[in-house]
>>> print(open('protein.txt').read())   # compact mmCIF, C-alpha atoms (C1' of nucleotides)
# COMPACT_ATOMS: atom_id res chain seq x y z
CA MET M 1288 183.37 -106.89 -17.70
CA ARG M 1289 186.99 -106.08 -18.40
CA ALA M 1290 187.78 -102.42 -18.91
CA ASP M 1291 188.94 -102.83 -22.52
CA ALA M 1292 185.78 -104.75 -23.38
CA GLN M 1293 183.69 -101.98 -21.92
CA ARG M 1294 185.55 -99.38 -23.95
CA ASN M 1295 185.09 -101.37 -27.14
CA ARG M 1296 181.43 -101.87 -26.50
CA ALA M 1297 180.84 -98.18 -25.96
CA ARG M 1298 182.84 -97.28 -29.02
CA ILE M 1299 180.88 -99.71 -31.20
CA VAL M 1300 177.56 -98.26 -30.05
CA GLU M 1301 178.76 -94.75 -30.73
CA VAL M 1302 179.97 -95.59 -34.21
CA ALA M 1303 176.84 -97.63 -34.99
CA ARG M 1304 174.62 -94.69 -34.08
CA GLU M 1305 176.52 -92.59 -36.55
CA VAL M 1306 176.54 -95.17 -39.32
CA PHE M 1307 172.84 -95.97 -38.93
CA ARG M 1308 172.02 -92.30 -39.16
CA GLU M 1309 174.13 -91.93 -42.28
CA GLN M 1310 173.21 -95.09 -44.13
CA GLY M 1311 170.06 -96.37 -42.51
CA TYR M 1312 169.34 -99.50 -40.61
CA ASP M 1313 170.68 -101.76 -43.37
CA ALA M 1314 174.23 -100.49 -43.14
CA SER M 1315 177.02 -103.05 -43.17
CA LEU M 1316 178.01 -104.23 -39.70
CA ASP M 1317 181.48 -105.04 -40.93
CA GLU M 1318 181.80 -101.38 -41.73
CA VAL M 1319 180.71 -100.47 -38.22
CA ALA M 1320 183.36 -102.81 -36.85
CA LYS M 1321 186.01 -101.40 -39.14
CA ARG M 1322 185.21 -97.79 -38.28
CA ALA M 1323 185.21 -98.65 -34.60
CA GLY M 1324 188.62 -100.22 -35.03
CA VAL M 1325 187.59 -103.69 -33.85
CA GLY M 1326 187.30 -107.06 -35.54
CA ALA M 1327 183.98 -108.43 -36.73
CA GLY M 1328 184.18 -111.07 -34.01
CA THR M 1329 184.27 -108.44 -31.31
CA LEU M 1330 181.21 -106.72 -32.66
CA TYR M 1331 179.24 -109.95 -32.89
CA ARG M 1332 180.27 -111.08 -29.44
CA HIS M 1333 178.96 -107.89 -27.89
CA PHE M 1334 175.90 -107.80 -30.12
CA PRO M 1335 174.82 -111.20 -31.40
CA SER M 1336 172.43 -109.64 -33.90
CA ARG M 1337 171.78 -106.43 -35.70
CA GLU M 1338 168.75 -105.86 -33.50
CA ALA M 1339 170.79 -106.20 -30.33
CA LEU M 1340 173.07 -103.47 -31.57
CA LEU M 1341 170.13 -101.29 -32.46
CA ASP M 1342 168.76 -101.85 -28.99
CA ALA M 1343 171.93 -100.43 -27.48
CA VAL M 1344 171.95 -97.55 -29.91
CA MET M 1345 168.41 -96.69 -28.84
CA GLN M 1346 169.24 -96.50 -25.16
CA SER M 1347 169.39 -92.71 -25.14
CA TRP M 1348 166.42 -92.48 -27.44
CA VAL M 1349 164.13 -93.70 -24.69
CA ASP M 1350 164.89 -90.62 -22.64
CA ARG M 1351 164.17 -88.36 -25.56
CA VAL M 1352 160.76 -89.92 -25.99
CA GLU M 1353 159.81 -89.32 -22.36
CA GLU M 1354 161.08 -85.80 -22.56
CA ALA M 1355 159.18 -85.04 -25.76
CA ALA M 1356 155.94 -86.33 -24.29
CA GLY M 1357 156.42 -84.22 -21.20
CA LYS M 1358 157.03 -81.13 -23.26
CA VAL M 1359 153.96 -81.67 -25.41
CA LEU M 1360 151.73 -82.29 -22.41
CA ALA M 1361 153.02 -79.18 -20.63
CA HIS M 1362 151.44 -76.88 -23.16
CA GLU M 1363 147.81 -75.99 -22.71
CA GLY M 1364 145.71 -75.70 -25.82
CA PRO M 1365 142.89 -77.16 -27.90
CA PRO M 1366 142.89 -80.97 -28.20
CA ARG M 1367 143.62 -80.82 -31.91
CA ASP M 1368 146.78 -78.82 -31.30
CA LEU M 1369 147.90 -81.16 -28.58
CA LEU M 1370 147.32 -84.19 -30.75
CA LEU M 1371 149.13 -82.68 -33.72
CA ALA M 1372 152.03 -81.58 -31.57
CA TRP M 1373 152.42 -85.12 -30.32
CA PHE M 1374 152.09 -86.60 -33.80
CA THR M 1375 154.80 -84.29 -35.06
CA ALA M 1376 157.09 -85.21 -32.19
CA TYR M 1377 156.29 -88.88 -32.75
CA VAL M 1378 157.25 -88.77 -36.40
CA GLY M 1379 160.47 -86.99 -35.54
CA LEU M 1380 161.36 -89.53 -32.90
CA VAL M 1381 160.87 -92.59 -35.06
CA SER M 1382 162.59 -91.01 -38.05
CA LEU M 1383 166.01 -90.60 -36.47
CA HIS M 1384 167.50 -92.97 -38.98
CA LYS M 1385 166.36 -94.26 -42.33
CA GLY M 1386 164.20 -97.33 -41.93
CA GLY M 1387 163.40 -96.31 -38.37
CA PRO M 1388 159.64 -95.84 -38.72
CA ALA M 1389 159.08 -99.25 -40.25
CA LYS M 1390 161.44 -100.91 -37.79
CA ILE M 1391 159.99 -99.33 -34.69
CA THR M 1392 156.35 -99.59 -35.66
CA SER M 1393 156.60 -103.26 -36.46
CA ALA M 1394 158.70 -103.99 -33.38
CA MET M 1395 156.03 -102.44 -31.15
CA GLY M 1396 153.79 -105.41 -31.66
CA ASP M 1397 156.36 -108.13 -32.11
CA PRO M 1398 157.19 -110.06 -28.94
CA THR M 1399 160.16 -111.70 -30.65
CA SER M 1400 161.83 -108.37 -31.37
CA PRO M 1401 164.67 -107.51 -29.01
CA ILE M 1402 163.77 -103.85 -29.25
CA MET M 1403 160.11 -104.28 -28.40
CA HIS M 1404 160.53 -102.93 -24.90
CA LYS M 1405 162.38 -99.89 -26.14
CA CYS M 1406 159.63 -99.20 -28.63
CA GLN M 1407 156.95 -99.47 -26.04
CA VAL M 1408 158.00 -96.25 -24.38
CA LEU M 1409 156.39 -94.70 -27.42
CA THR M 1410 153.18 -96.55 -26.73
CA ARG M 1411 153.23 -95.44 -23.12
CA ALA M 1412 153.99 -91.86 -24.05
CA THR M 1413 151.15 -91.90 -26.55
CA ASP M 1414 148.96 -93.29 -23.81
CA ARG M 1415 149.64 -90.26 -21.65
CA VAL M 1416 148.43 -88.03 -24.45
CA VAL M 1417 145.41 -90.24 -24.99
CA GLU M 1418 144.42 -90.12 -21.33
CA ARG M 1419 144.59 -86.38 -21.30
CA LEU M 1420 142.33 -86.16 -24.35
CA ARG M 1421 139.94 -88.73 -22.94
CA ALA M 1422 139.57 -86.67 -19.81
CA GLU M 1423 138.41 -83.84 -22.00
CA ASP M 1424 136.13 -86.15 -24.00
CA ALA M 1425 138.01 -85.07 -27.07
CA LEU M 1426 138.69 -88.52 -28.51
CA ARG M 1427 136.27 -90.85 -30.21
CA ALA M 1428 135.50 -93.89 -28.13
CA GLU M 1429 136.48 -96.39 -30.81
CA VAL M 1430 140.11 -95.37 -31.20
CA ASP M 1431 142.80 -96.70 -28.89
CA THR M 1432 146.47 -96.06 -28.30
CA VAL M 1433 147.71 -98.91 -30.41
CA GLN M 1434 145.72 -97.73 -33.41
CA ILE M 1435 147.14 -94.25 -33.03
CA CYS M 1436 150.66 -95.57 -32.97
CA ARG M 1437 150.01 -97.62 -36.07
CA LEU M 1438 148.51 -94.72 -37.96
CA VAL M 1439 151.20 -92.23 -37.08
CA GLY M 1440 153.85 -94.89 -37.61
CA GLY M 1441 152.37 -95.51 -41.05
CA VAL M 1442 152.59 -91.85 -41.93
CA ALA M 1443 156.16 -91.74 -40.69
CA ALA M 1444 156.99 -94.82 -42.74
CA VAL M 1445 155.75 -93.40 -46.02
CA ALA M 1446 157.45 -90.11 -45.25
CA ASP M 1447 160.69 -91.95 -44.59
CA GLN M 1448 160.52 -94.16 -47.66
CA GLY M 1449 159.26 -91.42 -49.94
CA GLY M 1450 161.58 -88.73 -48.64
CA LEU M 1451 158.74 -86.38 -47.71
CA ASP M 1452 159.49 -83.16 -45.88
CA ASP M 1453 157.62 -81.77 -42.89
CA GLY M 1454 155.35 -79.70 -45.10
CA ALA M 1455 154.09 -82.81 -46.87
CA VAL M 1456 153.68 -84.77 -43.67
CA ARG M 1457 151.64 -82.16 -41.85
CA PRO M 1458 148.40 -82.55 -43.84
CA LEU M 1459 148.57 -86.31 -43.46
CA LEU M 1460 148.78 -85.96 -39.71
CA GLU M 1461 145.89 -83.53 -39.79
CA VAL M 1462 143.68 -86.05 -41.53
CA VAL M 1463 144.59 -88.69 -38.98
CA ALA M 1464 143.94 -86.31 -36.11
CA ASP M 1465 140.60 -85.17 -37.48
CA GLY M 1466 139.57 -88.77 -37.99
CA MET M 1467 139.94 -89.60 -34.33
CA LEU M 1468 138.83 -86.41 -32.60
CA ALA M 1469 135.26 -86.30 -31.34
CA PRO M 1470 132.99 -84.39 -33.71
CA ALA M 1471 132.38 -80.81 -32.66
CA MET X 871 163.27 -111.43 -80.14
CA ARG X 872 164.15 -115.05 -80.75
CA ALA X 873 161.47 -117.54 -79.84
CA ASP X 874 163.52 -119.27 -77.15
CA ALA X 875 164.35 -115.92 -75.56
CA GLN X 876 160.68 -115.05 -75.46
CA ARG X 877 159.84 -118.35 -73.81
CA ASN X 878 162.54 -117.86 -71.20
CA ARG X 879 161.44 -114.34 -70.45
CA ALA X 880 157.85 -115.39 -69.92
CA ARG X 881 158.89 -118.30 -67.74
CA ILE X 882 161.08 -116.06 -65.56
CA VAL X 883 158.24 -113.62 -64.99
CA GLU X 884 155.88 -116.40 -64.07
CA VAL X 885 158.30 -117.95 -61.61
CA ALA X 886 159.22 -114.57 -60.16
CA ARG X 887 155.59 -113.79 -59.46
CA GLU X 888 155.34 -117.00 -57.51
CA VAL X 889 158.59 -116.54 -55.61
CA PHE X 890 157.84 -112.92 -54.72
CA ARG X 891 154.46 -113.95 -53.37
CA GLU X 892 156.02 -116.73 -51.32
CA GLN X 893 159.09 -114.96 -50.00
CA GLY X 894 158.51 -111.27 -50.51
CA TYR X 895 160.27 -108.75 -52.61
CA ASP X 896 163.68 -109.59 -51.17
CA ALA X 897 163.74 -113.13 -52.47
CA SER X 898 166.94 -114.35 -54.09
CA LEU X 899 167.04 -113.75 -57.83
CA ASP X 900 169.41 -116.65 -58.29
CA GLU X 901 166.66 -118.80 -56.87
CA VAL X 902 164.20 -117.39 -59.37
CA ALA X 903 166.66 -118.24 -62.14
CA LYS X 904 167.22 -121.73 -60.80
CA ARG X 905 163.51 -122.46 -60.46
CA ALA X 906 162.90 -121.12 -63.94
CA GLY X 907 165.60 -123.44 -65.23
CA VAL X 908 167.80 -120.70 -66.65
CA GLY X 909 171.22 -119.35 -65.78
CA ALA X 910 171.67 -116.21 -63.73
CA GLY X 911 173.05 -114.48 -66.79
CA THR X 912 169.84 -115.04 -68.70
CA LEU X 913 167.77 -113.56 -65.92
CA TYR X 914 169.96 -110.49 -65.62
CA ARG X 915 170.05 -109.96 -69.38
CA HIS X 916 166.29 -109.87 -69.57
CA PHE X 917 165.93 -107.88 -66.36
CA PRO X 918 168.97 -105.75 -65.53
CA SER X 919 167.69 -105.05 -62.04
CA ARG X 920 165.32 -106.41 -59.46
CA GLU X 921 162.97 -103.54 -60.16
CA ALA X 922 162.84 -104.30 -63.87
CA LEU X 923 161.72 -107.81 -63.03
CA LEU X 924 159.13 -106.53 -60.61
CA ASP X 925 157.87 -104.23 -63.31
CA ALA X 926 157.22 -107.18 -65.58
CA VAL X 927 155.62 -109.15 -62.77
CA MET X 928 153.24 -106.26 -62.16
CA GLN X 929 151.99 -106.14 -65.73
CA SER X 930 148.81 -108.04 -64.93
CA TRP X 931 148.42 -106.19 -61.66
CA VAL X 932 147.62 -103.00 -63.56
CA ASP X 933 144.49 -104.59 -64.95
CA ARG X 934 143.40 -105.72 -61.53
CA VAL X 935 143.67 -102.19 -60.23
CA GLU X 936 141.47 -100.81 -63.00
CA GLU X 937 138.98 -103.57 -62.48
CA ALA X 938 138.83 -103.06 -58.72
CA ALA X 939 138.25 -99.34 -59.13
CA GLY X 940 135.46 -100.00 -61.60
CA LYS X 941 133.78 -102.45 -59.28
CA VAL X 942 133.93 -100.09 -56.30
CA LEU X 943 132.57 -97.18 -58.32
CA ALA X 944 129.72 -99.29 -59.68
CA HIS X 945 128.10 -99.62 -56.29
CA GLU X 946 125.85 -96.83 -55.14
CA GLY X 947 126.01 -95.90 -51.48
CA PRO X 948 127.02 -93.31 -48.91
CA PRO X 949 130.39 -91.61 -49.52
CA ARG X 950 131.90 -93.17 -46.43
CA ASP X 951 131.09 -96.66 -47.66
CA LEU X 952 132.51 -95.89 -51.07
CA LEU X 953 135.68 -94.52 -49.61
CA LEU X 954 136.15 -97.45 -47.27
CA ALA X 955 135.45 -99.93 -50.02
CA TRP X 956 138.17 -98.34 -52.12
CA PHE X 957 140.59 -98.20 -49.19
CA THR X 958 140.06 -101.87 -48.54
CA ALA X 959 140.60 -102.72 -52.18
CA TYR X 960 143.68 -100.48 -52.24
CA VAL X 961 145.28 -102.21 -49.29
CA GLY X 962 144.58 -105.59 -50.84
CA LEU X 963 146.10 -104.54 -54.15
CA VAL X 964 149.36 -103.23 -52.73
CA SER X 965 149.72 -106.13 -50.31
CA LEU X 966 149.99 -108.87 -52.91
CA HIS X 967 153.48 -109.65 -51.77
CA LYS X 968 155.42 -108.85 -48.63
CA GLY X 969 157.12 -105.52 -48.89
CA GLY X 970 154.67 -104.46 -51.58
CA PRO X 971 153.04 -101.55 -49.74
CA ALA X 972 156.34 -99.85 -48.95
CA LYS X 973 157.70 -100.54 -52.42
CA ILE X 974 154.68 -99.29 -54.30
CA THR X 975 153.96 -96.29 -52.12
CA SER X 976 157.50 -95.00 -52.34
CA ALA X 977 157.73 -95.74 -56.06
CA MET X 978 154.62 -93.64 -56.71
CA GLY X 979 156.56 -90.47 -56.11
CA ASP X 980 159.97 -91.52 -57.29
CA PRO X 981 160.76 -90.59 -60.90
CA THR X 982 163.85 -92.80 -60.85
CA SER X 983 161.86 -95.91 -60.06
CA PRO X 984 161.29 -98.19 -63.02
CA ILE X 985 157.91 -99.16 -61.64
CA MET X 986 156.65 -95.62 -61.13
CA HIS X 987 154.36 -95.74 -64.11
CA LYS X 988 152.86 -99.02 -63.01
CA CYS X 989 152.20 -97.59 -59.60
CA GLN X 990 150.52 -94.57 -60.95
CA VAL X 991 147.53 -96.56 -62.10
CA LEU X 992 146.74 -96.63 -58.41
CA THR X 993 146.90 -92.86 -58.26
CA ARG X 994 144.65 -92.58 -61.27
CA ALA X 995 142.19 -95.09 -59.90
CA THR X 996 142.11 -93.23 -56.61
CA ASP X 997 141.51 -90.08 -58.56
CA ARG X 998 138.38 -91.55 -60.07
CA VAL X 999 137.06 -92.21 -56.59
CA VAL X 1000 138.06 -88.73 -55.49
CA GLU X 1001 136.25 -87.09 -58.39
CA ARG X 1002 133.09 -88.96 -57.61
CA LEU X 1003 133.21 -87.84 -53.99
CA ARG X 1004 134.04 -84.28 -54.95
CA ALA X 1005 130.98 -84.19 -57.16
CA GLU X 1006 128.95 -85.01 -54.09
CA ASP X 1007 130.84 -82.46 -51.99
CA ALA X 1008 131.72 -85.27 -49.67
CA LEU X 1009 135.45 -84.61 -49.43
CA ARG X 1010 137.19 -81.85 -47.54
CA ALA X 1011 138.76 -79.32 -49.85
CA GLU X 1012 142.26 -79.63 -48.37
CA VAL X 1013 142.82 -83.30 -49.14
CA ASP X 1014 144.08 -84.43 -52.50
CA THR X 1015 144.62 -87.72 -54.25
CA VAL X 1016 148.31 -87.97 -53.48
CA GLN X 1017 147.69 -87.53 -49.78
CA ILE X 1018 145.07 -90.24 -49.83
CA CYS X 1019 147.47 -92.63 -51.50
CA ARG X 1020 150.13 -91.86 -48.94
CA LEU X 1021 147.80 -92.35 -46.01
CA VAL X 1022 146.31 -95.60 -47.22
CA GLY X 1023 149.73 -96.77 -48.35
CA GLY X 1024 151.01 -96.03 -44.87
CA VAL X 1025 148.28 -98.10 -43.29
CA ALA X 1026 149.01 -100.92 -45.71
CA ALA X 1027 152.71 -100.69 -44.90
CA VAL X 1028 152.26 -101.05 -41.15
CA ALA X 1029 149.77 -103.85 -41.71
CA ASP X 1030 152.27 -105.61 -43.94
CA GLN X 1031 155.24 -105.17 -41.63
CA GLY X 1032 153.30 -105.89 -38.47
CA GLY X 1033 151.33 -108.81 -39.86
CA LEU X 1034 147.97 -107.22 -39.10
CA ASP X 1035 144.79 -108.92 -40.26
CA ASP X 1036 141.81 -107.26 -41.95
CA GLY X 1037 140.05 -106.79 -38.65
CA ALA X 1038 142.91 -104.70 -37.30
CA VAL X 1039 143.26 -102.70 -40.50
CA ARG X 1040 139.62 -101.73 -40.77
CA PRO X 1041 139.51 -99.24 -37.85
CA LEU X 1042 142.66 -97.56 -39.14
CA LEU X 1043 141.05 -97.04 -42.51
CA GLU X 1044 137.94 -95.69 -40.80
CA VAL X 1045 139.96 -93.05 -38.99
CA VAL X 1046 141.60 -92.01 -42.24
CA ALA X 1047 138.26 -91.88 -44.02
CA ASP X 1048 136.59 -89.87 -41.29
CA GLY X 1049 139.49 -87.46 -41.30
CA MET X 1050 138.98 -86.53 -44.90
CA LEU X 1051 135.21 -86.66 -45.32
CA ALA X 1052 133.37 -83.37 -45.10
CA PRO X 1053 131.77 -82.87 -41.68
CA ALA X 1054 128.11 -83.75 -41.60
C1' DC L 1004 172.56 -126.89 -95.12
C1' DA L 1005 175.56 -123.41 -93.59
C1' DC L 1006 176.48 -119.49 -91.20
C1' DG L 1007 176.01 -115.29 -88.65
C1' DA L 1008 173.45 -113.09 -85.11
C1' DT L 1009 171.32 -113.94 -80.95
C1' DA L 1010 170.92 -115.89 -76.64
C1' DC L 1011 172.43 -119.14 -73.11
C1' DG L 1012 174.62 -120.57 -68.67
C1' DG L 1013 177.46 -120.89 -65.04
C1' DA L 1014 182.01 -119.79 -63.22
C1' DG L 1015 183.71 -116.23 -60.66
C1' DA L 1016 184.49 -111.44 -58.62
C1' DC L 1017 182.64 -108.88 -55.10
C1' DA L 1018 179.92 -107.77 -50.88
C1' DC L 1019 177.80 -108.89 -46.52
C1' DT L 1020 176.81 -111.84 -42.41
C1' DC L 1021 178.28 -114.46 -38.82
C1' DT L 1022 181.44 -118.18 -36.57
C1' DC L 1023 185.45 -120.24 -34.91
C1' DC L 1024 189.65 -120.57 -32.70
C1' DG L 1025 194.55 -119.39 -31.92
C1' DC L 1026 196.64 -115.39 -29.91
C1' DT L 1027 196.86 -111.33 -26.77
C1' DT L 1028 196.17 -108.84 -22.71
C1' DA L 1029 194.00 -107.16 -18.47
C1' DG L 1030 194.01 -107.62 -13.89
C1' DC L 1031 194.83 -110.24 -9.80
C1' DA L 1032 197.66 -112.64 -6.42
C1' DA L 1033 201.92 -113.53 -4.39
C1' DT E 1178 207.40 -106.73 -10.03
C1' DT E 1179 206.31 -110.89 -12.00
C1' DG E 1180 203.61 -114.73 -13.51
C1' DC E 1181 199.33 -116.74 -14.38
C1' DT E 1182 194.77 -117.39 -16.34
C1' DA E 1183 190.38 -116.20 -17.73
C1' DA E 1184 188.46 -112.79 -20.58
C1' DG E 1185 188.64 -110.78 -24.72
C1' DC E 1186 190.42 -109.90 -29.41
C1' DG E 1187 190.63 -110.17 -34.50
C1' DG E 1188 190.45 -111.76 -38.83
C1' DA E 1189 190.30 -115.81 -41.84
C1' DG E 1190 186.81 -118.27 -43.87
C1' DA E 1191 182.23 -120.57 -44.77
C1' DG E 1192 177.77 -119.55 -46.37
C1' DT E 1193 174.71 -116.77 -49.21
C1' DG E 1194 173.35 -113.38 -52.52
C1' DT E 1195 174.22 -110.05 -56.54
C1' DC E 1196 175.65 -109.28 -60.96
C1' DT E 1197 179.17 -109.77 -65.02
C1' DC E 1198 181.74 -111.85 -68.55
C1' DC E 1199 182.62 -114.65 -72.23
C1' DG E 1200 183.06 -119.28 -74.41
C1' DT E 1201 179.45 -122.11 -76.23
C1' DA E 1202 175.02 -123.47 -78.15
C1' DT E 1203 170.99 -122.48 -80.74
C1' DC E 1204 167.83 -120.07 -83.84
C1' DG E 1205 166.27 -118.94 -88.07
C1' DT E 1206 167.36 -117.07 -92.61
C1' DG E 1207 169.32 -117.30 -97.29
>>> encode(input="protein.txt", output="structure tokens")
Amino acid sequence: MRADAQRNRARIVEVAREVFREQGYDASLDEVAKRAGVGAGTLYRHFPSREALLDAVMQSWVDRVEEAAGKVLAHEGPPRDLLLAWFTAYVGLVSLHKGGPAKITSAMGDPTSPIMHKCQVLTRATDRVVERLRAEDALRAEVDTVQICRLVGGVAAVADQGGLDDGAVRPLLEVVADGMLAPA
Amino acid sequence: MRADAQRNRARIVEVAREVFREQGYDASLDEVAKRAGVGAGTLYRHFPSREALLDAVMQSWVDRVEEAAGKVLAHEGPPRDLLLAWFTAYVGLVSLHKGGPAKITSAMGDPTSPIMHKCQVLTRATDRVVERLRAEDALRAEVDTVQICRLVGGVAAVADQGGLDDGAVRPLLEVVADGMLAPA
DNA sequence: CACGATACGGAGACACTCTCCGCTTAGCAA
DNA sequence: TTGCTAAGCGGAGAGTGTCTCCGTATCGTG
């Protein structure tokens, strides 16, 4: 790729990250182009669709997911604490921009979504937590990783759309956690 | 209101209900106007915003909510069955059109939403179920009606956005139910 | 029947998405 | 350095949707 094209591409991604955070996933792409100082054509050549752009924006996000999972798993503690710590991290990770929870949760199971692979790092990270809890026989047999992602994604989605703060989200996550932990 | 205006209004609502069901909440309002055989101006005079139109469309929905709650409460049975029956009905009620779960769940707590009052019949209906379970000491003390609505709304939202069928939704609702029922 | 108030409708201003194509420029080769 | 060409640029414009404005038509009353 030519050097100027590379510069433009990087600049567009940077600006898009900012605009998505400010205005949510529905922000105008023309505005992204304008702020990045390029024509609409340039934006659409680099990123044929909104999703393709989002995919690039999420590149660094993948690392944050891995890191968050590692941090949560490093702490020793009761299964309920571990699960809640991961749920909290999960909600934070998918809520980086408005519309994120819905977007990411639905993309996780949609093979036609260009960001499916990005989203699946969340599934894998959740799986690490699940395995740990399984080893301790702390999880009910019926629940699986996908269900957990859907439930926590659902909580994140209502929190996002309803503008709930952490204090309101916490009890929801507790209910979900208690519903899947093995009875004492 | 003039008779012709009344006719037009009714026709618009009827057509809108159909179009929303077919194409989801984001359907083109110009298309609604066209199908109803009126000009765009007429539609926007009767319903200044998309939400105002949705409000009218949901008029009959309110009755269905009351009815569903009554039917669920009429059946005797273990608390878990009651709760799951209501959850299932709840998901069905908010999923009448695509985008419904997110719309309704976020409107429930948004005083600026024109459909807030419509949505609150769901809260009240849920409250009836909650009271019944409280009387039997079947619910944990920490959970309240609003949280239940958020959780079930969240499940409905992911089901809606991810195209999940009833079989996939059921286990999610079970986790939520088990998380809020008093331990045996 | 006549006449005002009421309501209609669709043209058009504005916003967003995405494409197309003539123009510019980077980067290489001589 | 210069000239060439493929790669890349940008923005006009077509398509679609929202919502408004106002000249025109219709209702329904006296």
>>> residues_around(input="protein.txt", residues="DC1021 (chain L)", least_positions_apart="5", cutoff="10 Å", atoms="all atoms listed in the file", output="PDB file with C-alpha atoms (C1' of nucleotides), keeping the file's coordinate frame")
ATOM      1  CA  ALA M1327     183.980-108.430 -36.730  1.00  0.00           C
ATOM      2  CA  GLY M1328     184.180-111.070 -34.010  1.00  0.00           C
ATOM      3  CA  TYR M1331     179.240-109.950 -32.890  1.00  0.00           C
ATOM      4  CA  PRO M1335     174.820-111.200 -31.400  1.00  0.00           C
ATOM      5  CA  SER M1336     172.430-109.640 -33.900  1.00  0.00           C
TER       6      SER M1336
ATOM      7  C1'  DA E1191     182.230-120.570 -44.770  1.00  0.00           C
ATOM      8  C1'  DG E1192     177.770-119.550 -46.370  1.00  0.00           C
TER       9       DG E1192
END
>>> atom_distance(input="protein.txt", atom1="CA of Ile1435 (chain M)", atom2="CA of Gln1031 (chain X)")
16.1 Å
>>> interface_residues(input="protein.txt", of="chain M", to="chain X", cutoff="12 Å", atoms="all atoms listed in the file", output="PyMOL selection string")
chain M and resi 1386+1388-1400+1426-1451+1454-1471
>>> residues_near_point(input="protein.txt", point="(193.7, -119.1, -26.9)", cutoff="12 Å", atoms="only C-alpha atoms (C1' of nucleotides)", output="list in words")
DC1023, DC1024, DG1025, DC1026, DT1027 and DT1028 of chain L; DT1182, DA1183, DA1184, DG1185 and DC1186 of chain E
>>> residues_around(input="protein.txt", residues="DT1206 (chain E)", least_positions_apart="6", cutoff="12 Å", atoms="only C-alpha atoms (C1' of nucleotides)", output="ChimeraX atom specification")
/L:1004-1008
>>> interface_residues(input="protein.txt", of="chain M", to="chain E", cutoff="12 Å", atoms="only C-alpha atoms (C1' of nucleotides)", output="list in words")
Met1288, Arg1289, Ala1290, Asp1291, Ala1292, Gln1293, Arg1294, Asn1295, Arg1296, Asp1317, Ala1320, Lys1321, Gly1324, Val1325, Gly1326, Ala1327, Gly1328, Thr1329, Leu1330, Tyr1331, Arg1332 and His1333 of chain M
